[in-house]
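Structure data (compact mmCIF, C-alpha atoms and all ligand atoms) from entry-v1.txt:
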```
# COMPACT_ATOMS: atom_id res chain seq x y z
CA MET A 1 118.07 117.65 29.03
CA ARG A 2 114.64 118.93 27.90
CA LYS A 3 114.44 122.62 27.09
CA ALA A 4 112.19 124.76 29.27
CA ILE A 5 109.00 125.70 27.41
CA GLU A 6 108.80 129.04 25.65
CA MET A 7 106.12 131.50 26.67
CA THR A 8 103.01 131.80 24.48
CA THR A 9 102.86 128.03 24.54
CA THR A 10 99.39 126.62 23.93
CA PRO A 11 98.33 123.59 25.96
CA ALA A 12 98.33 121.44 22.81
CA SER A 13 101.93 122.30 21.96
CA LEU A 14 103.31 121.65 25.44
CA PRO A 15 105.94 118.95 25.71
CA THR A 16 104.72 116.02 27.80
CA GLY A 17 105.79 116.52 31.40
CA ALA A 18 106.27 120.30 31.22
CA VAL A 19 103.31 120.43 33.60
CA LEU A 20 103.65 118.32 36.73
CA GLN A 21 100.79 117.35 39.03
CA VAL A 22 102.04 117.33 42.62
CA GLY A 23 99.76 115.47 45.03
CA PRO A 24 96.14 114.45 44.58
CA LEU A 25 93.85 116.93 42.83
CA LYS A 26 90.14 117.11 42.05
CA GLU A 27 89.53 114.24 39.62
CA SER A 28 88.27 116.37 36.73
CA LEU A 29 91.21 118.77 37.11
CA ALA A 30 93.71 115.91 37.11
CA ARG A 31 92.03 114.47 33.98
CA THR A 32 92.18 117.82 32.17
CA LEU A 33 95.84 118.33 33.12
CA ALA A 34 96.79 114.92 31.77
CA ALA A 35 94.63 115.00 28.64
CA GLU A 36 95.00 118.62 27.54
CA TYR A 37 98.34 119.71 29.02
CA GLY A 38 100.28 116.43 28.85
CA ALA A 39 100.84 116.60 32.61
CA LEU A 40 102.66 113.84 34.41
CA THR A 41 101.96 113.06 38.06
CA LEU A 42 104.74 113.01 40.62
CA PRO A 43 104.71 109.52 42.14
CA GLU A 44 105.14 108.78 45.82
CA ARG A 45 108.40 107.40 47.19
CA PRO A 46 110.21 105.10 46.38
CA GLU A 47 109.46 105.81 42.67
CA ARG A 48 109.79 109.56 43.14
CA ASP A 49 113.59 109.89 42.85
CA GLU A 50 113.83 107.89 39.65
CA PHE A 51 110.90 109.86 38.21
CA LEU A 52 112.60 113.15 39.05
CA ASP A 53 115.90 111.98 37.52
CA ARG A 54 114.03 111.23 34.29
CA HIS A 55 111.50 114.07 34.13
CA GLY A 56 112.50 116.75 36.68
CA ALA A 57 114.53 118.88 34.28
CA GLY A 58 111.59 119.28 31.89
CA VAL A 59 109.07 120.57 34.43
CA THR A 60 108.13 124.21 34.00
CA VAL A 61 104.87 124.43 35.96
CA ALA A 62 103.79 122.45 39.03
CA VAL A 63 100.06 122.22 39.73
CA THR A 64 99.34 121.33 43.33
CA SER A 65 96.92 121.97 46.18
CA GLY A 66 97.21 123.37 49.68
CA ARG A 67 97.14 119.79 50.91
CA THR A 68 100.48 118.90 49.26
CA GLY A 69 102.30 121.98 47.98
CA VAL A 70 105.81 122.27 46.59
CA GLY A 71 108.53 122.35 49.24
CA ALA A 72 112.10 123.59 48.82
CA ASP A 73 113.47 120.06 48.25
CA LEU A 74 111.12 119.36 45.38
CA MET A 75 111.89 122.79 43.90
CA LYS A 76 115.59 121.87 43.89
CA ALA A 77 114.81 118.78 41.84
CA LEU A 78 112.96 120.93 39.26
CA PRO A 79 115.63 123.29 37.86
CA ALA A 80 113.40 124.71 35.08
CA LEU A 81 110.40 125.33 37.36
CA ARG A 82 108.88 128.76 36.70
CA ALA A 83 105.46 128.60 38.37
CA VAL A 84 103.53 126.81 41.09
CA VAL A 85 99.79 126.91 40.45
CA ASN A 86 97.95 126.11 43.67
CA PHE A 87 94.37 124.82 43.90
CA GLY A 88 93.15 126.44 47.14
CA VAL A 89 93.49 129.78 48.85
CA GLY A 90 95.99 128.44 51.43
CA TYR A 91 99.52 127.89 50.12
CA ASP A 92 101.37 127.24 53.37
CA THR A 93 102.64 123.88 52.08
CA THR A 94 104.54 125.64 49.28
CA ASP A 95 107.83 127.27 50.20
CA VAL A 96 107.01 130.75 48.93
CA MET A 97 110.31 132.24 50.12
CA ALA A 98 112.33 129.59 48.27
CA ALA A 99 110.16 130.18 45.20
CA ARG A 100 110.69 133.93 45.34
CA GLY A 101 114.45 133.41 45.70
CA ARG A 102 114.42 131.58 42.38
CA GLY A 103 111.92 133.80 40.60
CA ILE A 104 109.28 131.06 40.62
CA LEU A 105 105.76 132.51 40.58
CA VAL A 106 103.06 131.12 42.88
CA SER A 107 99.29 131.48 42.45
CA ASN A 108 96.31 130.49 44.62
CA THR A 109 92.52 130.63 44.28
CA PRO A 110 91.28 133.52 46.45
CA ASP A 111 87.74 134.97 46.50
CA VAL A 112 85.95 132.07 44.82
CA LEU A 113 85.86 130.10 48.09
CA THR A 114 85.28 132.94 50.55
CA ASP A 115 81.50 132.47 50.76
CA CYS A 116 81.62 128.74 51.37
CA VAL A 117 84.35 128.87 54.03
CA ALA A 118 82.53 131.72 55.78
CA ASP A 119 79.19 129.86 55.58
CA LEU A 120 80.82 126.84 57.17
CA ALA A 121 82.38 128.91 59.96
CA VAL A 122 78.95 130.31 60.84
CA GLY A 123 77.55 126.77 60.69
CA LEU A 124 80.20 125.64 63.17
CA VAL A 125 79.45 128.54 65.50
CA ILE A 126 75.76 127.61 65.58
CA ASP A 127 76.42 123.89 65.77
CA VAL A 128 78.87 124.04 68.65
CA LEU A 129 76.80 126.47 70.73
CA ARG A 130 73.40 124.88 70.03
CA GLY A 131 74.67 121.31 69.92
CA ILE A 132 73.13 120.44 66.54
CA SER A 133 75.45 117.52 65.77
CA ALA A 134 75.31 116.30 69.37
CA ALA A 135 71.51 116.53 69.40
CA ASP A 136 71.34 114.60 66.12
CA ARG A 137 73.46 111.82 67.67
CA PHE A 138 71.20 111.94 70.74
CA VAL A 139 68.06 111.34 68.64
CA ARG A 140 69.69 108.63 66.53
CA ARG A 141 70.84 106.59 69.52
CA GLY A 142 67.30 106.64 70.97
CA ALA A 143 68.25 108.72 74.03
CA TRP A 144 65.26 111.09 73.58
CA ASP A 145 62.96 108.34 74.94
CA SER A 146 64.56 108.57 78.37
CA ALA A 147 65.65 112.20 78.87
CA PRO A 148 65.41 115.67 77.33
CA PHE A 149 68.47 116.98 75.51
CA PRO A 150 70.55 119.24 77.81
CA LEU A 151 70.15 123.00 77.40
CA THR A 152 72.66 124.65 75.08
CA ARG A 153 73.95 128.22 74.61
CA LYS A 154 72.41 131.15 72.74
CA VAL A 155 74.25 132.48 69.66
CA THR A 156 72.45 135.82 69.17
CA GLY A 157 74.08 138.68 71.03
CA LYS A 158 77.37 136.95 71.82
CA ARG A 159 80.77 138.62 71.55
CA VAL A 160 82.73 137.22 68.59
CA GLY A 161 86.46 137.66 68.04
CA ILE A 162 87.90 137.10 64.56
CA ALA A 163 91.56 136.11 64.46
CA GLY A 164 92.59 137.19 60.96
CA LEU A 165 90.21 139.70 59.38
CA GLY A 166 91.10 138.99 55.75
CA ARG A 167 88.59 138.15 53.01
CA ILE A 168 87.20 135.11 54.83
CA GLY A 169 87.27 136.71 58.28
CA LEU A 170 85.37 139.70 56.96
CA ALA A 171 82.78 137.46 55.28
CA VAL A 172 82.29 135.62 58.59
CA ALA A 173 81.89 138.93 60.45
CA ARG A 174 79.34 140.25 57.91
CA ARG A 175 77.27 137.08 58.22
CA LEU A 176 77.38 137.12 62.02
CA GLU A 177 76.20 140.74 62.11
CA GLY A 178 72.80 139.20 61.35
CA PHE A 179 72.94 137.57 64.79
CA ASP A 180 73.40 140.92 66.53
CA VAL A 181 76.79 139.85 67.85
CA GLU A 182 79.49 142.26 69.00
CA ILE A 183 82.50 141.80 66.74
CA SER A 184 86.15 142.49 67.41
CA TYR A 185 89.25 141.26 65.56
CA HIS A 186 92.99 140.89 65.61
CA ASN A 187 95.29 141.39 62.61
CA ARG A 188 98.95 142.39 62.53
CA ASN A 189 97.63 145.92 61.84
CA PRO A 190 94.15 147.48 62.10
CA ARG A 191 92.18 147.13 58.89
CA ASP A 192 90.89 150.23 57.09
CA GLY A 193 87.20 150.61 56.44
CA VAL A 194 85.80 148.45 59.25
CA SER A 195 84.12 149.60 62.43
CA TYR A 196 84.84 146.46 64.47
CA ALA A 197 86.95 146.90 67.62
CA TYR A 198 90.64 146.13 67.09
CA ALA A 199 92.60 144.00 69.56
CA SER A 200 96.35 144.48 69.32
CA THR A 201 97.12 140.94 70.54
CA PRO A 202 95.34 137.58 70.24
CA VAL A 203 95.18 137.37 74.07
CA GLU A 204 93.43 140.73 74.24
CA LEU A 205 91.00 139.51 71.56
CA ALA A 206 90.30 136.25 73.41
CA ARG A 207 89.66 138.08 76.67
CA ALA A 208 87.05 140.27 74.97
CA CYS A 209 85.00 137.52 73.30
CA ASP A 210 82.82 134.46 73.92
CA ILE A 211 83.54 132.86 70.53
CA LEU A 212 86.92 133.06 68.84
CA VAL A 213 86.78 132.34 65.09
CA VAL A 214 90.15 131.61 63.50
CA THR A 215 90.43 132.70 59.86
CA ALA A 216 94.12 133.73 59.71
CA SER A 217 96.09 132.35 56.77
CA GLY A 218 98.40 129.44 57.59
CA GLY A 219 102.18 129.57 57.43
CA ALA A 220 105.22 130.38 59.55
CA HIS A 221 103.82 133.84 60.39
CA SER A 222 100.70 132.42 62.09
CA ASN A 223 102.10 129.22 63.55
CA GLY A 224 100.76 128.88 67.11
CA LEU A 225 99.11 132.32 66.99
CA VAL A 226 96.28 130.88 69.10
CA SER A 227 98.55 129.73 71.90
CA ARG A 228 97.72 128.14 75.25
CA GLU A 229 97.67 131.62 76.74
CA VAL A 230 95.09 132.74 74.17
CA LEU A 231 92.92 129.66 74.80
CA GLU A 232 93.13 130.20 78.55
CA ALA A 233 92.09 133.82 78.05
CA LEU A 234 89.04 132.55 76.11
CA GLY A 235 88.29 130.49 79.20
CA PRO A 236 85.82 127.84 80.41
CA ASP A 237 82.82 129.68 78.90
CA GLY A 238 84.57 130.34 75.60
CA TYR A 239 84.23 128.58 72.23
CA LEU A 240 86.83 128.21 69.49
CA VAL A 241 85.98 127.80 65.80
CA ASN A 242 88.83 127.10 63.40
CA VAL A 243 88.40 127.11 59.61
CA ALA A 244 91.95 128.29 58.89
CA ARG A 245 94.77 125.80 59.48
CA GLY A 246 95.46 123.43 62.37
CA SER A 247 98.93 124.96 62.69
CA VAL A 248 97.46 128.31 63.78
CA VAL A 249 96.25 126.80 67.08
CA ASP A 250 98.26 125.02 69.80
CA GLU A 251 96.40 121.75 69.31
CA ALA A 252 97.83 119.98 72.36
CA ALA A 253 96.66 122.83 74.60
CA LEU A 254 93.29 122.91 72.83
CA VAL A 255 92.72 119.20 73.46
CA GLU A 256 93.77 119.49 77.08
CA LEU A 257 91.50 122.46 77.76
CA LEU A 258 88.53 120.88 75.98
CA THR A 259 88.87 117.65 77.96
CA SER A 260 89.41 119.38 81.31
CA GLY A 261 86.64 122.00 81.04
CA GLY A 262 89.08 124.86 80.38
CA LEU A 263 87.08 125.67 77.23
CA ALA A 264 83.33 125.29 76.64
CA GLY A 265 83.60 123.81 73.16
CA ALA A 266 85.10 123.93 69.69
CA GLY A 267 84.09 123.65 66.05
CA LEU A 268 87.03 122.43 64.02
CA ASP A 269 87.37 122.03 60.25
CA VAL A 270 91.17 121.81 60.35
CA PHE A 271 93.78 119.93 62.36
CA ALA A 272 97.53 119.95 62.85
CA ALA A 273 98.23 116.61 61.12
CA GLU A 274 95.29 115.97 58.79
CA PRO A 275 93.64 113.55 58.34
CA ARG A 276 94.57 112.59 61.91
CA VAL A 277 92.22 113.98 64.54
CA PRO A 278 93.31 113.85 68.19
CA GLU A 279 91.77 110.69 69.67
CA ALA A 280 90.65 112.53 72.83
CA LEU A 281 88.29 114.74 70.80
CA LEU A 282 86.34 111.88 69.23
CA SER A 283 84.17 111.22 72.28
CA LEU A 284 83.49 114.88 73.21
CA ASP A 285 79.95 116.11 72.52
CA ASN A 286 81.02 119.75 72.92
CA VAL A 287 83.31 119.49 69.90
CA VAL A 288 82.21 119.44 66.25
CA LEU A 289 84.75 117.75 63.98
CA LEU A 290 84.79 118.24 60.21
CA PRO A 291 87.19 116.76 57.62
CA HIS A 292 88.51 120.09 56.20
CA VAL A 293 85.53 120.81 53.99
CA GLY A 294 85.44 124.63 54.12
CA SER A 295 85.47 124.99 50.34
CA GLY A 296 83.95 121.57 49.70
CA THR A 297 80.85 122.35 47.66
CA VAL A 298 80.23 121.40 44.04
CA GLU A 299 79.93 125.06 43.02
CA THR A 300 83.03 126.32 44.82
CA ARG A 301 85.30 123.45 43.87
CA ALA A 302 84.27 123.95 40.23
CA ALA A 303 85.13 127.65 40.53
CA MET A 304 88.48 126.77 42.11
CA GLU A 305 89.21 124.33 39.29
CA GLU A 306 88.39 126.97 36.69
CA LEU A 307 90.60 129.57 38.38
CA THR A 308 93.45 127.07 38.65
CA LEU A 309 93.27 126.40 34.91
CA ARG A 310 92.98 130.10 34.12
CA ASN A 311 96.17 130.70 36.10
CA LEU A 312 97.88 127.92 34.20
CA ASP A 313 96.69 129.26 30.84
CA ARG A 314 97.77 132.78 31.71
CA PHE A 315 101.21 131.57 32.67
CA LEU A 316 101.57 129.63 29.43
CA LYS A 317 100.35 132.63 27.45
CA ASP A 318 102.54 135.40 28.85
CA GLY A 319 104.52 134.11 31.84
CA THR A 320 102.32 135.88 34.44
CA LEU A 321 99.62 134.62 36.79
CA LEU A 322 96.05 135.81 37.17
CA THR A 323 95.91 135.52 40.97
CA PRO A 324 99.48 135.47 42.29
CA VAL A 325 99.89 135.15 46.06
CA PRO A 326 100.54 138.54 47.70
CA GLU A 327 104.04 139.96 47.34
CA THR A 328 104.24 140.02 51.13
CA ALA A 329 103.46 136.26 51.36
CA ARG A 330 105.88 134.31 53.54
C1 LIG B 401 91.96 126.40 51.20
O1 LIG B 401 91.61 126.48 50.02
O2 LIG B 401 93.10 126.63 51.56
C2 LIG B 401 90.96 126.06 52.27
O3 LIG B 401 91.54 125.33 53.28
C3 LIG B 401 89.74 125.38 51.74
O4 LIG B 401 88.94 124.84 52.74
```

Show me the file's structure as structure tokens.
Ligand code: DGY
Amino acid sequence: MRKAIEMTTTPASLPTGAVLQVGPLKESLARTLAAEYGALTLPERPERDEFLDRHGAGVTVAVTSGRTGVGADLMKALPALRAVVNFGVGYDTTDVMAARGRGILVSNTPDVLTDCVADLAVGLVIDVLRGISAADRFVRRGAWDSAPFPLTRKVTGKRVGIAGLGRIGLAVARRLEGFDVEISYHNRNPRDGVSYAYASTPVELARACDILVVTASGGAHSNGLVSREVLEALGPDGYLVNVARGSVVDEAALVELLTSGGLAGAGLDVFAAEPRVPEALLSLDNVVLLPHVGSGTVETRAAMEELTLRNLDRFLKDGTLLTPVPETAR
């Protein structure tokens, strides 16, 4: 059995396979991990078990992304694992409780993607209310020749509810202030230092707004937070924008309400079973569908890559992480 690496290890002196890439990563990051850290990549099944029998005991750090993560089963197959370094702010695919139970550290990439995710949320708000994507399709299919584009809805002055006023939620709220909207929010507890109205439940929040923007972090704690009851409280004139995780919203209820007129529209960057998008949404002009691109700009992905590598380097240097997930993470 390979020995676990000692701390103060430099990338060049790492044994091959001490760093394991779990799931697809940004190409340049994957190249750096392989070339400079001797990382091996966890193969898909059926090769996975044999790979883990051969290499699992030597893995000290797993580098993954929110898309794949490190679940409890994989952790069990990596007895020397000491850290999970996650590319992305969301880490709901990694079993943080199991990691904590074994003293495995977990990091993510907060802050560097806040601006881009918030920009995109505002873009979705404007798009879904003003019908930008739908109007673009209208022009492209030549429909303008025969009829004017239907009237849309005004953004300025609307009431916006933020479900999850963390870093990203706050950045969305700050941007939307420029549209003279009335902002309220729901968190588990009121947040210090903000003047926005606090709603003690998601239903109360939905009742008090025209546009509900979901920015809560994903995971067991927020699963189904935006339930059917919340969506019904938002109502036939209400819009939902989700840049968080598909799991935060009851997707079946969302689809049903969007197709039956129970909701006015939705702007969605995330889905319950990505990359699958509910078939019924594909033909709806009041829904904007994006392929989970909140952080997907050249600048932000480069910053996320850099922070991922800085976390890895810090761990190799002294066994700590630069941006560990919060101690309260579940
Ligand atoms: C993340 O990093 O978790 C976000 O989903 C990026 O869009």

Near Ile126 (chain A), within 9 Å and counting all atoms listed in the file, which residues show up once chain neighbours fewer than 6 positions away are dropped, as an MDAnalysis selection string? chainID A and resid 132 154:155

Please identify every residue of region 271-330 of chain A that has at least one atom no farther than 10 Å from an atom of region 83-91 of chain A, counting only C-alpha atoms, and for each give the shortest atom pair and the distance in Å to one decimal, arranged by chain then increasing number, as a Markdown table.
```
| residue | atom | partner | partner_atom | distance |
| --- | --- | --- | --- | --- |
| A:Ser295 | CA | A:Gly88 | CA | 8.4 |
| A:Arg301 | CA | A:Gly88 | CA | 9.0 |
| A:Met304 | CA | A:Phe87 | CA | 6.5 |
| A:Glu305 | CA | A:Phe87 | CA | 6.9 |
| A:Glu306 | CA | A:Phe87 | CA | 9.6 |
| A:Leu307 | CA | A:Phe87 | CA | 8.2 |
| A:Thr308 | CA | A:Phe87 | CA | 5.8 |
| A:Leu309 | CA | A:Val85 | CA | 8.6 |
| A:Arg310 | CA | A:Val85 | CA | 9.8 |
| A:Asn311 | CA | A:Val85 | CA | 6.8 |
| A:Leu312 | CA | A:Val85 | CA | 6.6 |
| A:Phe315 | CA | A:Ala83 | CA | 7.7 |
| A:Leu316 | CA | A:Ala83 | CA | 9.8 |
| A:Gly319 | CA | A:Ala83 | CA | 8.6 |
| A:Thr320 | CA | A:Ala83 | CA | 8.8 |
| A:Leu321 | CA | A:Ala83 | CA | 8.5 |
| A:Thr323 | CA | A:Val85 | CA | 9.5 |
| A:Pro324 | CA | A:Val85 | CA | 8.8 |
| A:Val325 | CA | A:Tyr91 | CA | 8.3 |
| A:Ala329 | CA | A:Tyr91 | CA | 9.3 |
| A:Arg330 | CA | A:Tyr91 | CA | 9.7 |
```

Surrounding residues as a ChimeraX atom specification, ligand LIG 401 (chain B), max 10 Å, all atoms listed in the file: /A:65-67,86-93,108-114,116-118,120,215,217-218,243-245,269-270,291-297,300-301,304

File of the preceding selection, C-alpha atoms, as a PDB file, keeping the file's coordinate frame:
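Generated output (selection-v1.pdb):
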```
ATOM      1  CA  SER A  65      96.920 121.970  46.180  1.00  0.00           C
ATOM      2  CA  GLY A  66      97.210 123.370  49.680  1.00  0.00           C
ATOM      3  CA  ARG A  67      97.140 119.790  50.910  1.00  0.00           C
ATOM      4  CA  ASN A  86      97.950 126.110  43.670  1.00  0.00           C
ATOM      5  CA  PHE A  87      94.370 124.820  43.900  1.00  0.00           C
ATOM      6  CA  GLY A  88      93.150 126.440  47.140  1.00  0.00           C
ATOM      7  CA  VAL A  89      93.490 129.780  48.850  1.00  0.00           C
ATOM      8  CA  GLY A  90      95.990 128.440  51.430  1.00  0.00           C
ATOM      9  CA  TYR A  91      99.520 127.890  50.120  1.00  0.00           C
ATOM     10  CA  ASP A  92     101.370 127.240  53.370  1.00  0.00           C
ATOM     11  CA  THR A  93     102.640 123.880  52.080  1.00  0.00           C
ATOM     12  CA  ASN A 108      96.310 130.490  44.620  1.00  0.00           C
ATOM     13  CA  THR A 109      92.520 130.630  44.280  1.00  0.00           C
ATOM     14  CA  PRO A 110      91.280 133.520  46.450  1.00  0.00           C
ATOM     15  CA  ASP A 111      87.740 134.970  46.500  1.00  0.00           C
ATOM     16  CA  VAL A 112      85.950 132.070  44.820  1.00  0.00           C
ATOM     17  CA  LEU A 113      85.860 130.100  48.090  1.00  0.00           C
ATOM     18  CA  THR A 114      85.280 132.940  50.550  1.00  0.00           C
ATOM     19  CA  CYS A 116      81.620 128.740  51.370  1.00  0.00           C
ATOM     20  CA  VAL A 117      84.350 128.870  54.030  1.00  0.00           C
ATOM     21  CA  ALA A 118      82.530 131.720  55.780  1.00  0.00           C
ATOM     22  CA  LEU A 120      80.820 126.840  57.170  1.00  0.00           C
ATOM     23  CA  THR A 215      90.430 132.700  59.860  1.00  0.00           C
ATOM     24  CA  SER A 217      96.090 132.350  56.770  1.00  0.00           C
ATOM     25  CA  GLY A 218      98.400 129.440  57.590  1.00  0.00           C
ATOM     26  CA  VAL A 243      88.400 127.110  59.610  1.00  0.00           C
ATOM     27  CA  ALA A 244      91.950 128.290  58.890  1.00  0.00           C
ATOM     28  CA  ARG A 245      94.770 125.800  59.480  1.00  0.00           C
ATOM     29  CA  ASP A 269      87.370 122.030  60.250  1.00  0.00           C
ATOM     30  CA  VAL A 270      91.170 121.810  60.350  1.00  0.00           C
ATOM     31  CA  PRO A 291      87.190 116.760  57.620  1.00  0.00           C
ATOM     32  CA  HIS A 292      88.510 120.090  56.200  1.00  0.00           C
ATOM     33  CA  VAL A 293      85.530 120.810  53.990  1.00  0.00           C
ATOM     34  CA  GLY A 294      85.440 124.630  54.120  1.00  0.00           C
ATOM     35  CA  SER A 295      85.470 124.990  50.340  1.00  0.00           C
ATOM     36  CA  GLY A 296      83.950 121.570  49.700  1.00  0.00           C
ATOM     37  CA  THR A 297      80.850 122.350  47.660  1.00  0.00           C
ATOM     38  CA  THR A 300      83.030 126.320  44.820  1.00  0.00           C
ATOM     39  CA  ARG A 301      85.300 123.450  43.870  1.00  0.00           C
ATOM     40  CA  MET A 304      88.480 126.770  42.110  1.00  0.00           C
TER      41      MET A 304
END
```

In Å and to one decimal, CA of Gly23 (chain A) is distant from CA of Asp49 (chain A) by 15.1 Å

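With distances taken over all atoms listed in the file, A:Leu170 is the one residue among A:Ala80, A:Leu170, A:Val22, A:Thr152 lying closest to Asp119 (chain A).
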
Spatial neighbours of Ala272 (chain A), max dist 8 Å, only C-alpha atoms, sep filter under 6 positions, as an MDAnalysis selection string: chainID A and resid 245:247 251

Write the selection just made, keeping C-alpha atoms, as an mmCIF file, in the frame of the given file?
```cif
data_model
loop_
_atom_site.group_PDB
_atom_site.id
_atom_site.type_symbol
_atom_site.label_atom_id
_atom_site.label_comp_id
_atom_site.auth_asym_id
_atom_site.auth_seq_id
_atom_site.Cartn_x
_atom_site.Cartn_y
_atom_site.Cartn_z
ATOM 1 C CA ARG A 245 94.770 125.800 59.480
ATOM 2 C CA GLY A 246 95.460 123.430 62.370
ATOM 3 C CA SER A 247 98.930 124.960 62.690
ATOM 4 C CA GLU A 251 96.400 121.750 69.310
#
```

Interatomic distance (Å, one decimal) between CA of Ile183 (chain A) and CA of Cys209 (chain A):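 Answer for the CA of Ile183 (chain A) to CA of Cys209 (chain A) separation: 8.2 Å.
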
Given all atoms listed in the file as the counted atoms, nearest of A:His55, A:Arg228, A:His221, A:Arg141 to Thr328 (chain A):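 So, comparing all the options, the nearest one is A:His221.
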
Here is a test: counting all atoms listed in the file, which residue of A:Thr259, A:Val298, A:Gly164, A:Ala216 is nearest to Glu279 (chain A)?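 Once distances to Glu279 (chain A) are computed over all atoms listed in the file, the minimum belongs to A:Thr259.
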
Which one is closest to Val230 (chain A): A:Gly103, A:Pro46, A:Gly262, A:Gly56? Count only C-alpha atoms.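 Ranking A:Gly103, A:Pro46, A:Gly262, A:Gly56 by distance to Val230 (chain A), first place goes to A:Gly262.
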
From the options A:Leu124, A:Leu289, A:Val277, A:Leu33, which residue's atoms come nearest to Leu176 (chain A), counting all atoms listed in the file?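 With all atoms listed in the file as the atom set, the closest residue is A:Leu124.
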
From CA of Pro275 (chain A) to CA of Thr68 (chain A) the spacing works out at 12.6 Å

Missing atoms in region 210-223 of chain A need filling: write out N, CA and C atoms for it as a PDB file, in the frame of the given file.
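Just written: selection_37.pdb:
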```pdb
ATOM      1  N   ASP A 210      83.361 135.755  73.487  1.00  0.00           N
ATOM      2  CA  ASP A 210      82.820 134.460  73.920  1.00  0.00           C
ATOM      3  C   ASP A 210      83.160 133.387  72.889  1.00  0.00           C
ATOM      4  N   ILE A 211      83.265 133.807  71.629  1.00  0.00           N
ATOM      5  CA  ILE A 211      83.540 132.860  70.530  1.00  0.00           C
ATOM      6  C   ILE A 211      84.705 133.407  69.733  1.00  0.00           C
ATOM      7  N   LEU A 212      85.758 132.626  69.625  1.00  0.00           N
ATOM      8  CA  LEU A 212      86.920 133.060  68.840  1.00  0.00           C
ATOM      9  C   LEU A 212      86.918 132.279  67.525  1.00  0.00           C
ATOM     10  N   VAL A 213      86.800 132.997  66.415  1.00  0.00           N
ATOM     11  CA  VAL A 213      86.780 132.340  65.090  1.00  0.00           C
ATOM     12  C   VAL A 213      88.129 132.582  64.430  1.00  0.00           C
ATOM     13  N   VAL A 214      88.805 131.499  64.063  1.00  0.00           N
ATOM     14  CA  VAL A 214      90.150 131.610  63.500  1.00  0.00           C
ATOM     15  C   VAL A 214      90.065 131.540  61.973  1.00  0.00           C
ATOM     16  N   THR A 215      90.450 132.645  61.327  1.00  0.00           N
ATOM     17  CA  THR A 215      90.430 132.700  59.860  1.00  0.00           C
ATOM     18  C   THR A 215      91.765 133.220  59.311  1.00  0.00           C
ATOM     19  N   ALA A 216      92.794 133.251  60.157  1.00  0.00           N
ATOM     20  CA  ALA A 216      94.120 133.730  59.710  1.00  0.00           C
ATOM     21  C   ALA A 216      94.698 132.749  58.695  1.00  0.00           C
ATOM     22  N   SER A 217      95.457 133.253  57.733  1.00  0.00           N
ATOM     23  CA  SER A 217      96.090 132.350  56.770  1.00  0.00           C
ATOM     24  C   SER A 217      97.178 131.533  57.470  1.00  0.00           C
ATOM     25  N   GLY A 218      97.383 130.314  56.984  1.00  0.00           N
ATOM     26  CA  GLY A 218      98.400 129.440  57.590  1.00  0.00           C
ATOM     27  C   GLY A 218      99.795 129.806  57.106  1.00  0.00           C
ATOM     28  N   GLY A 219     100.792 129.306  57.819  1.00  0.00           N
ATOM     29  CA  GLY A 219     102.180 129.570  57.430  1.00  0.00           C
ATOM     30  C   GLY A 219     103.002 129.925  58.648  1.00  0.00           C
ATOM     31  N   ALA A 220     104.305 130.126  58.434  1.00  0.00           N
ATOM     32  CA  ALA A 220     105.220 130.380  59.550  1.00  0.00           C
ATOM     33  C   ALA A 220     104.767 131.588  60.373  1.00  0.00           C
ATOM     34  N   HIS A 221     104.202 132.613  59.696  1.00  0.00           N
ATOM     35  CA  HIS A 221     103.820 133.840  60.390  1.00  0.00           C
ATOM     36  C   HIS A 221     102.689 133.631  61.407  1.00  0.00           C
ATOM     37  N   SER A 222     101.858 132.597  61.193  1.00  0.00           N
ATOM     38  CA  SER A 222     100.700 132.420  62.090  1.00  0.00           C
ATOM     39  C   SER A 222     100.789 131.147  62.920  1.00  0.00           C
ATOM     40  N   ASN A 223     101.923 130.466  62.816  1.00  0.00           N
ATOM     41  CA  ASN A 223     102.100 129.220  63.550  1.00  0.00           C
ATOM     42  C   ASN A 223     101.918 129.436  65.055  1.00  0.00           C
TER      43      ASN A 223
END
```
